[in-house]
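Asks: Shown below is the structure under consideration.
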Amino acid sequence: MLTVHHLNNSRSQRVLWLLEELGVPYKIVLYQRQPDMRAPAELRAIHPLGKSPVITDSDNTIAESGAIVEYLIDTYGNGRLIPPPNTPERLRYTYWLHYAEGSAMPPLLLKLLFTLMPKRAPALLRPLVRKISNQALTTLVNPQLKQHMAFWEAELAKSQWFAGGEFTVADIQMSFPLEAAAARAGLEQGHPKAMALLERIHARPAYQRALEKGGPYAVAGDLRATKPPITPRAAPAR
Ligand SMILES: N[C@@H](CCC(=O)N[C@@H](CS)C(=O)NCC(=O)O)C(=O)O
């Protein structure tokens, strides 16, 4: 049976969500983050990098969320959640699928690292580390994030979903940068269309089912203290 090696509170949530959207049966092997937020060493037995998500299906072991969602949509999608080939929507779809991890996540990760660095530095060095971190955030990271978030907002003014008028796997892939930006980069300030997209995806029954299976989810990691995790909603009254 298809197995998702799921690290709690991680990108792997997107894979569970896609499987729920497609109605593909799967089982979860759960890994818990260590106190330092790293994955436990057992995950390296599945894939040498020991990162989540990883899936195994028949003889295939597949890592990297973009590769996983492409495999799932090719193998089990039957044309669902992907625009038809040779259309402008398909080109946009491919762009966002790769952009999510290739371009959007690096500055969001830098934001997390430079925010955490002073907190984790030895007390004596903390003022210096804070100064360096703040400088990197102000001059390098925050301006880039501002540019990315403005880009999402402008694109979502053209169409309701990232690839066009229909919900696709590109929206699933982009959900993680959007959630991370909402948790740690101030997306809620001045990006109503991106925030509305997040609301729409959080309301999807398949997203809710995936949350129930994957457990509470707060992309911001150590920032959990300031942002409550997303937990499943009660089913809407019929
Ligand atoms: N670009 C990779 C990133 C994988 C990744 O960094 N996963 C994180 C979880 S969100 C992880 O496994 N972190 C634990 C660790 O690095 O030990 C993907 O999209 O699959």
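Just so we're on the same page: first chain in the structure tokens is A, next is B, and so on; residues restart at 1 for each chain, and ligands are numbered from 1 in the order they show up.
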Could I get the residue neighbourhood of ligand 1 at 8 Å, counting only C-alpha atoms and all ligand atoms, as number ranges by chain?

Replies: A: 7, 9-12, 33, 37-40, 50-54, 63-66, 101-102, 219

Asks: Report as a tab-separated table: every residue of region 68-135 of chain A with an atom at most 12 Å from region 55-60 of chain A, its closest pair of atoms, and their distance in Å to one decimal, counting only C-alpha atoms, with rows sorted by chain and ascending residue number.

Replies:
```
residue	atom	partner	partner_atom	distance
A:Ile68	CA	A:Ile55	CA	7.3
A:Val69	CA	A:Ile55	CA	10.2
A:Tyr71	CA	A:Asp57	CA	10.1
A:Leu72	CA	A:Asp57	CA	9.9
A:Thr75	CA	A:Asp57	CA	10.5
A:Tyr76	CA	A:Asp57	CA	11.6
```

Asks: Got a sec: who's within 10 Å of Gly23 (chain A), counting only C-alpha atoms, leaving out chain neighbours fewer than 6 positions off, as number ranges by chain?

Replies: A: 17, 76-77, 206

Asks: I need the residues of region 2-229 of chain A that end up classed as strand (DSSP E or B) by DSSP on the backbone, written out as JSON, numbers by chain.

Replies: {"A": [3, 4, 5, 6, 7, 27, 28, 29, 30, 31, 54, 55, 56, 57, 60, 61, 62, 63, 161, 164, 217]}

Asks: For those residues, write C-alpha atoms to a file as a short mmCIF file (atom, residue, chain, number, x, y, z; two decimals), in the first residue's frame.

Replies:
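Full text of result-v1.cif as output:
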```
data_model
loop_
_atom_site.label_atom_id
_atom_site.label_comp_id
_atom_site.auth_asym_id
_atom_site.auth_seq_id
_atom_site.Cartn_x
_atom_site.Cartn_y
_atom_site.Cartn_z
CA THR A 3 2.92 4.79 2.48
CA VAL A 4 3.52 8.39 3.51
CA HIS A 5 6.47 8.87 5.85
CA HIS A 6 4.95 11.80 7.65
CA LEU A 7 6.86 14.16 9.92
CA LYS A 27 -1.07 4.49 5.27
CA ILE A 28 0.92 6.88 7.42
CA VAL A 29 4.17 6.12 9.22
CA LEU A 30 4.50 8.94 11.72
CA TYR A 31 7.81 10.54 12.73
CA VAL A 54 8.90 10.72 1.49
CA ILE A 55 6.51 8.18 0.04
CA THR A 56 6.93 4.56 -0.88
CA ASP A 57 4.65 3.00 -3.47
CA ASN A 60 9.31 3.33 -5.71
CA THR A 61 10.71 5.54 -2.97
CA ILE A 62 10.07 9.18 -3.79
CA ALA A 63 11.30 12.24 -1.91
CA TRP A 161 -6.42 30.02 -8.09
CA GLY A 164 -6.28 29.88 -13.35
CA TYR A 217 -0.12 21.78 12.03
#
```

Asks: Give the answer as one residue: which of A:Ile172, A:Leu43, A:Ala181, A:Leu81 has the shortest atom-to-atom distance to Tyr207 (chain A), using only C-alpha atoms?

Replies: A:Ile172

Asks: Taking only C-alpha atoms into account, which of A:Ile82, A:Ala100, A:Ile46, A:Leu16 comes nearest Gly165 (chain A)?

Replies: A:Ile82

Asks: Extract the full set of helix (DSSP H, G or I) residues from region 32-90 of chain A according to DSSP on the backbone, and format it as a ChimeraX atom specification.

Replies: /A:41-45,65-76,88-90
